[in-house]
Amino acid sequence: METKTQLAKLGLFDAKVPRYTSYPTAPHFKNNVTPELFGEWISAIKDDSQISLYVHVPFCRRLCWFCACRTQGTASASPVAAYVETLKQELEILKAHLPPGVTLSRLHWGGGTPTLLEPGMMEDLAGAIFDVAPMAADGEFSVEIDPCEIDDARLAVLSKSGMNRASIGVQDFDAKIQEVIGRIQSYDITRDAVEMIRAHGVHSLNADILYGLPHQSQARITESVQKLLSLSPDRVALYGYAHVPWMAKRQQMIPSDALPTPEERLDLFETARKLFMWDNYNEIGIDHFATKEDGLSVALANGTLRRNFQGYTDDTSKVLIGVGASSISRFPQGYAQNAPATSAHTGRIRDGSFTTTRGHAFTPEDRLRGRMIEMLMCEFRTQNDELIETFGITPAKLQSLYQPLLQEFADMVKVTANGVEIPEHARPLTRMMARALDAYDMDQAGHSSAI
Ligand code: SF4
């Protein structure tokens, strides 16, 4: 049977499944993770260890129609300045709980648009962060940079503060597509931003590009990928556009009749994927590509590639702390999410408390299933010897967890001497296969297309 027919038969073109950037996924978080428990988890971090820090800036100059991020539009600097003050207070509270000697293996500013901050605010924020914990010697400081919202003065501050990786969003370079998704960002603006970033000594570049956009055709995605390749990014994330206008109201502006079908989405992904492969990028997990020298390629080769909220990472820290409204932290004990609304977050920080509103404390089985899913998402295979040794389980218990996967995807998943493996032709099914290892009930409405 032709692969596409097999994929269709297994439901690829109809399924809605999580992206598995966490396990369990965020819709399963409950309100039993409190600010007090969050504080205990921070205090349990070992002295002198390395952690990661994520700082969320939920403001944008404009609200692009395609974007489902939780972010607020603002024309003035004052709400942003007030928010930076809140972040500084939150960092003070964090400092009071953090054990001594902790350093940052990764620092990431995301949003929203972190480059909306004025240079003075950036300097202030970076100073407050490094007062809590300095960067580790080989640490990585990355910032999401909006090519339309960046200038020399901001880049000078970021580079002086130690930024050594920049991340830019591209979506698609086609003018017609940009118009219907409400995000105008020409190739020239993007190229100028990249040149400016490199001129400030920041040499690692990430870029995001989308497939599945309205009016996107094979010719259009080919041209966009080629233009992106001309900028020589080190890492590319090729994400599927998730059209969920019932959740992200701005997407109602996007003509749904111009969207490609699920079968066309698969073809668009394949076209872009081949272009990256032909240009000598390594394929990283389900939707990333990286140059041979990039940290993700190195991590894939040595078995340390991991999945996190930003997709894939080579960071091996056990703790990721999220600062700012709606940020999610991950500890060996579980997940904790801050109050999603900026106003609620600010109010509680001003009262001197963390703002954790929900999360999830891991059970032993969560840890096991989470690692099995992570193995599939990172390496398209599981390794029973590692699972048995790490989690102290019996081979029989492990086999029982595989059963739903082996039953549902009998012809598509390969049983190996040390686990299971997803052959290349079945990789579009990876998120669905991960779903077969997920023990939680799923409401399809909250998830995006499997392809
Ligand atoms: S794409 Fe970027 S600038 Fe546009 S709304 Fe989303 S976060 Fe803001």
# chains A, B, ... in the order shown; residues from 1 in each chain; ligands from 1
>>> residues_near_ligand(ligand="ligand 1", cutoff="9 Å", atoms="only C-alpha atoms and all ligand atoms", output="PyMOL selection string")
chain A and resi 58-73+110-113+144-146+148-149+169+171+182-183
>>> select_by_dssp(residues="range 236-343 of chain A", states="strand (DSSP E or B)", output="PyMOL selection string")
chain A and resi 236-240+282-284+288-290+306-308+311-313+320-323+328-331+334-338
>>> write_last_selection(atoms="N, CA and C atoms", output="CSV table (one decimal), in the first residue's frame")
chain,number,residue,atom,x,y,z
A,236,VAL,N,16.7,25.6,12.5
A,236,VAL,CA,15.5,26.0,11.9
A,236,VAL,C,14.4,25.1,12.6
A,237,ALA,N,13.3,25.8,13.0
A,237,ALA,CA,12.1,25.0,13.4
A,237,ALA,C,11.1,25.2,12.3
A,238,LEU,N,10.6,24.1,11.8
A,238,LEU,CA,9.6,24.1,10.7
A,238,LEU,C,8.2,23.6,11.3
A,239,TYR,N,7.5,24.6,11.8
A,239,TYR,CA,6.2,24.3,12.5
A,239,TYR,C,5.0,24.3,11.6
A,240,GLY,N,4.1,23.4,11.9
A,240,GLY,CA,2.8,23.5,11.2
A,240,GLY,C,1.9,24.6,11.8
A,282,ASN,N,21.1,18.6,9.5
A,282,ASN,CA,20.6,17.4,10.1
A,282,ASN,C,19.2,17.6,10.5
A,283,GLU,N,18.4,16.5,10.4
A,283,GLU,CA,17.0,16.5,10.9
A,283,GLU,C,17.0,16.2,12.4
A,284,ILE,N,16.4,17.1,13.1
A,284,ILE,CA,16.4,17.0,14.6
A,284,ILE,C,14.9,16.7,15.0
A,288,HIS,N,12.7,20.0,13.5
A,288,HIS,CA,13.8,20.9,13.6
A,288,HIS,C,14.9,20.5,12.7
A,289,PHE,N,15.7,21.4,12.3
A,289,PHE,CA,16.9,21.1,11.4
A,289,PHE,C,18.1,21.9,12.0
A,290,ALA,N,19.3,21.3,11.9
A,290,ALA,CA,20.4,22.0,12.5
A,290,ALA,C,21.7,21.7,11.7
A,306,ARG,N,17.0,16.6,24.1
A,306,ARG,CA,15.9,16.5,25.0
A,306,ARG,C,14.8,17.4,24.4
A,307,ARG,N,13.5,17.2,24.9
A,307,ARG,CA,12.4,17.9,24.4
A,307,ARG,C,12.0,18.9,25.5
A,308,ASN,N,11.7,20.1,25.2
A,308,ASN,CA,11.2,21.0,26.2
A,308,ASN,C,10.2,22.0,25.6
A,311,GLY,N,10.7,23.3,22.2
A,311,GLY,CA,10.8,22.3,21.1
A,311,GLY,C,11.9,21.3,21.5
A,312,TYR,N,13.1,21.5,20.9
A,312,TYR,CA,14.2,20.6,21.3
A,312,TYR,C,15.4,21.4,21.9
A,313,THR,N,16.1,20.7,22.8
A,313,THR,CA,17.2,21.4,23.4
A,313,THR,C,18.4,20.5,23.7
A,320,LEU,N,14.2,23.9,35.0
A,320,LEU,CA,14.0,25.1,34.2
A,320,LEU,C,13.0,26.0,34.9
A,321,ILE,N,13.4,27.2,35.3
A,321,ILE,CA,12.5,28.1,36.0
A,321,ILE,C,11.9,29.2,35.0
A,322,GLY,N,10.6,29.3,35.0
A,322,GLY,CA,9.9,30.3,34.1
A,322,GLY,C,9.6,31.5,35.0
A,323,VAL,N,10.0,32.7,34.5
A,323,VAL,CA,9.7,33.9,35.2
A,323,VAL,C,8.7,34.7,34.3
A,328,ILE,N,6.0,28.6,32.5
A,328,ILE,CA,5.9,27.2,33.1
A,328,ILE,C,7.3,26.8,33.5
A,329,SER,N,7.5,26.3,34.7
A,329,SER,CA,8.7,25.8,35.2
A,329,SER,C,8.7,24.3,35.3
A,330,ARG,N,9.9,23.7,35.1
A,330,ARG,CA,9.9,22.2,35.2
A,330,ARG,C,11.0,21.8,36.3
A,331,PHE,N,10.6,21.0,37.2
A,331,PHE,CA,11.5,20.5,38.2
A,331,PHE,C,11.5,18.9,38.1
A,334,GLY,N,8.1,18.1,39.2
A,334,GLY,CA,6.8,18.3,38.4
A,334,GLY,C,6.9,19.7,37.7
A,335,TYR,N,5.7,20.1,37.2
A,335,TYR,CA,5.6,21.4,36.5
A,335,TYR,C,4.8,22.4,37.4
A,336,ALA,N,5.2,23.7,37.2
A,336,ALA,CA,4.4,24.7,37.9
A,336,ALA,C,4.3,25.9,37.0
A,337,GLN,N,3.0,26.4,36.9
A,337,GLN,CA,2.8,27.5,35.9
A,337,GLN,C,2.3,28.7,36.7
A,338,ASN,N,2.9,29.9,36.3
A,338,ASN,CA,2.5,31.2,36.9
A,338,ASN,C,1.2,31.6,36.4
>>> select_by_dssp(residues="range 67-125 of chain A", states="helix (DSSP H, G or I)", output="ChimeraX atom specification")
/A:78-97,114-116,119-125
>>> closest_residue(among="A:Ile422, A:Val84, A:Leu12, A:Val102", to="Ala44 in chain A", atoms="only C-alpha atoms")
A:Val102
>>> closest_residue(among="A:Thr25, A:Ser449, A:Ser78, A:Thr316", to="Ile51 in chain A", atoms="only C-alpha atoms")
A:Thr316
>>> atom_distance(atom1="CA of Val57 in chain A", atom2="CA of Ile129 in chain A")
14.1 Å
>>> closest_atom_pairs(of="range 281-391 of chain A", to="range 429-448 of chain A", cutoff="8 Å", atoms="only C-alpha atoms", output="CSV")
residue,atom,partner,partner_atom,distance
A:Ile286,CA,A:Thr430,CA,7.5
A:Arg369,CA,A:Leu437,CA,6.5
A:Met372,CA,A:Leu437,CA,7.6
A:Ile373,CA,A:Ala434,CA,5.3
A:Leu376,CA,A:Ala434,CA,6.8
A:Met377,CA,A:Thr430,CA,6.8
A:Phe380,CA,A:Thr430,CA,7.4
>>> closest_residue(among="A:Phe391, A:Phe173, A:Phe38, A:Tyr83", to="Thr355 in chain A", atoms="only C-alpha atoms")
A:Phe38
>>> closest_atom_pairs(of="range 266-319 of chain A", to="range 135-142 of chain A", cutoff="12 Å", atoms="only C-alpha atoms", output="JSON lines")
{"residue": "A:Gly295", "atom": "CA", "partner": "A:Glu140", "partner_atom": "CA", "distance": 10.6}
{"residue": "A:Gln310", "atom": "CA", "partner": "A:Ser142", "partner_atom": "CA", "distance": 11.6}
{"residue": "A:Thr313", "atom": "CA", "partner": "A:Glu140", "partner_atom": "CA", "distance": 11.3}
{"residue": "A:Asp314", "atom": "CA", "partner": "A:Glu140", "partner_atom": "CA", "distance": 10.5}
{"residue": "A:Asp315", "atom": "CA", "partner": "A:Glu140", "partner_atom": "CA", "distance": 9.2}
{"residue": "A:Thr316", "atom": "CA", "partner": "A:Gly139", "partner_atom": "CA", "distance": 11.4}
{"residue": "A:Ser317", "atom": "CA", "partner": "A:Gly139", "partner_atom": "CA", "distance": 11.0}
>>> closest_residue(among="A:Ser22, A:Gly324, A:His97, A:Val33", to="Trp109 in chain A", atoms="only C-alpha atoms")
A:Gly324
>>> closest_residue(among="A:Ser343, A:Tyr187, A:Ile451, A:Glu365", to="Val17 in chain A", atoms="only C-alpha atoms")
A:Ile451
>>> residues_around(residues="Gln226 in chain A", least_positions_apart="2", cutoff="12 Å", atoms="only C-alpha atoms", output="ChimeraX atom specification")
/A:172-174,187,209,219-224,228-233,271-276,278-279
>>> residues_around(residues="Ser204 in chain A", least_positions_apart="4", cutoff="10 Å", atoms="only C-alpha atoms", output="number ranges by chain")
A: 140, 142, 163-167, 197-198, 232-235, 294
>>> write_last_selection(atoms="N, CA and C atoms", output="PDB file, in the first residue's frame")
ATOM      1  N   GLU A 140      24.372  29.523  27.567  1.00  0.00           N
ATOM      2  CA  GLU A 140      23.845  30.115  26.330  1.00  0.00           C
ATOM      3  C   GLU A 140      22.712  31.080  26.681  1.00  0.00           C
ATOM      4  N   SER A 142      19.891  33.281  24.942  1.00  0.00           N
ATOM      5  CA  SER A 142      19.209  33.487  23.663  1.00  0.00           C
ATOM      6  C   SER A 142      18.007  34.413  23.834  1.00  0.00           C
ATOM      7  N   MET A 163      24.251  37.990  25.271  1.00  0.00           N
ATOM      8  CA  MET A 163      23.445  37.201  24.332  1.00  0.00           C
ATOM      9  C   MET A 163      24.363  36.547  23.299  1.00  0.00           C
ATOM     10  N   ASN A 164      24.258  35.239  23.151  1.00  0.00           N
ATOM     11  CA  ASN A 164      25.097  34.573  22.152  1.00  0.00           C
ATOM     12  C   ASN A 164      24.286  33.715  21.179  1.00  0.00           C
ATOM     13  N   ARG A 165      22.938  33.793  21.268  1.00  0.00           N
ATOM     14  CA  ARG A 165      22.088  33.136  20.271  1.00  0.00           C
ATOM     15  C   ARG A 165      20.843  33.988  20.054  1.00  0.00           C
ATOM     16  N   ALA A 166      20.528  34.246  18.789  1.00  0.00           N
ATOM     17  CA  ALA A 166      19.331  35.025  18.473  1.00  0.00           C
ATOM     18  C   ALA A 166      18.337  34.123  17.769  1.00  0.00           C
ATOM     19  N   SER A 167      17.065  34.409  17.994  1.00  0.00           N
ATOM     20  CA  SER A 167      16.018  33.592  17.397  1.00  0.00           C
ATOM     21  C   SER A 167      15.055  34.512  16.665  1.00  0.00           C
ATOM     22  N   ILE A 197      22.502  41.606  13.733  1.00  0.00           N
ATOM     23  CA  ILE A 197      22.743  40.665  14.842  1.00  0.00           C
ATOM     24  C   ILE A 197      24.183  40.150  14.761  1.00  0.00           C
ATOM     25  N   ARG A 198      24.597  39.759  13.548  1.00  0.00           N
ATOM     26  CA  ARG A 198      25.955  39.203  13.391  1.00  0.00           C
ATOM     27  C   ARG A 198      27.010  40.281  13.593  1.00  0.00           C
ATOM     28  N   SER A 232      21.620  31.577   6.185  1.00  0.00           N
ATOM     29  CA  SER A 232      22.453  30.593   6.904  1.00  0.00           C
ATOM     30  C   SER A 232      22.139  30.455   8.398  1.00  0.00           C
ATOM     31  N   PRO A 233      20.885  30.150   8.746  1.00  0.00           N
ATOM     32  CA  PRO A 233      20.602  29.913  10.173  1.00  0.00           C
ATOM     33  C   PRO A 233      21.290  28.629  10.647  1.00  0.00           C
ATOM     34  N   ASP A 234      21.627  28.568  11.929  1.00  0.00           N
ATOM     35  CA  ASP A 234      22.233  27.346  12.481  1.00  0.00           C
ATOM     36  C   ASP A 234      21.169  26.310  12.786  1.00  0.00           C
ATOM     37  N   ARG A 235      19.991  26.823  13.141  1.00  0.00           N
ATOM     38  CA  ARG A 235      18.876  25.968  13.550  1.00  0.00           C
ATOM     39  C   ARG A 235      17.596  26.477  12.925  1.00  0.00           C
ATOM     40  N   ASP A 294      26.024  22.574  15.036  1.00  0.00           N
ATOM     41  CA  ASP A 294      25.125  23.137  16.051  1.00  0.00           C
ATOM     42  C   ASP A 294      24.952  22.180  17.237  1.00  0.00           C
TER      43      ASP A 294
END
>>> atom_distance(atom1="CA of Leu158 in chain A", atom2="CA of Ser105 in chain A")
17.2 Å
>>> atom_distance(atom1="CA of Ala133 in chain A", atom2="CA of Lys318 in chain A")
15.8 Å
>>> closest_residue(among="A:Lys414, A:Leu91, A:Pro18, A:Asp47", to="Ser353 in chain A", atoms="only C-alpha atoms")
A:Leu91
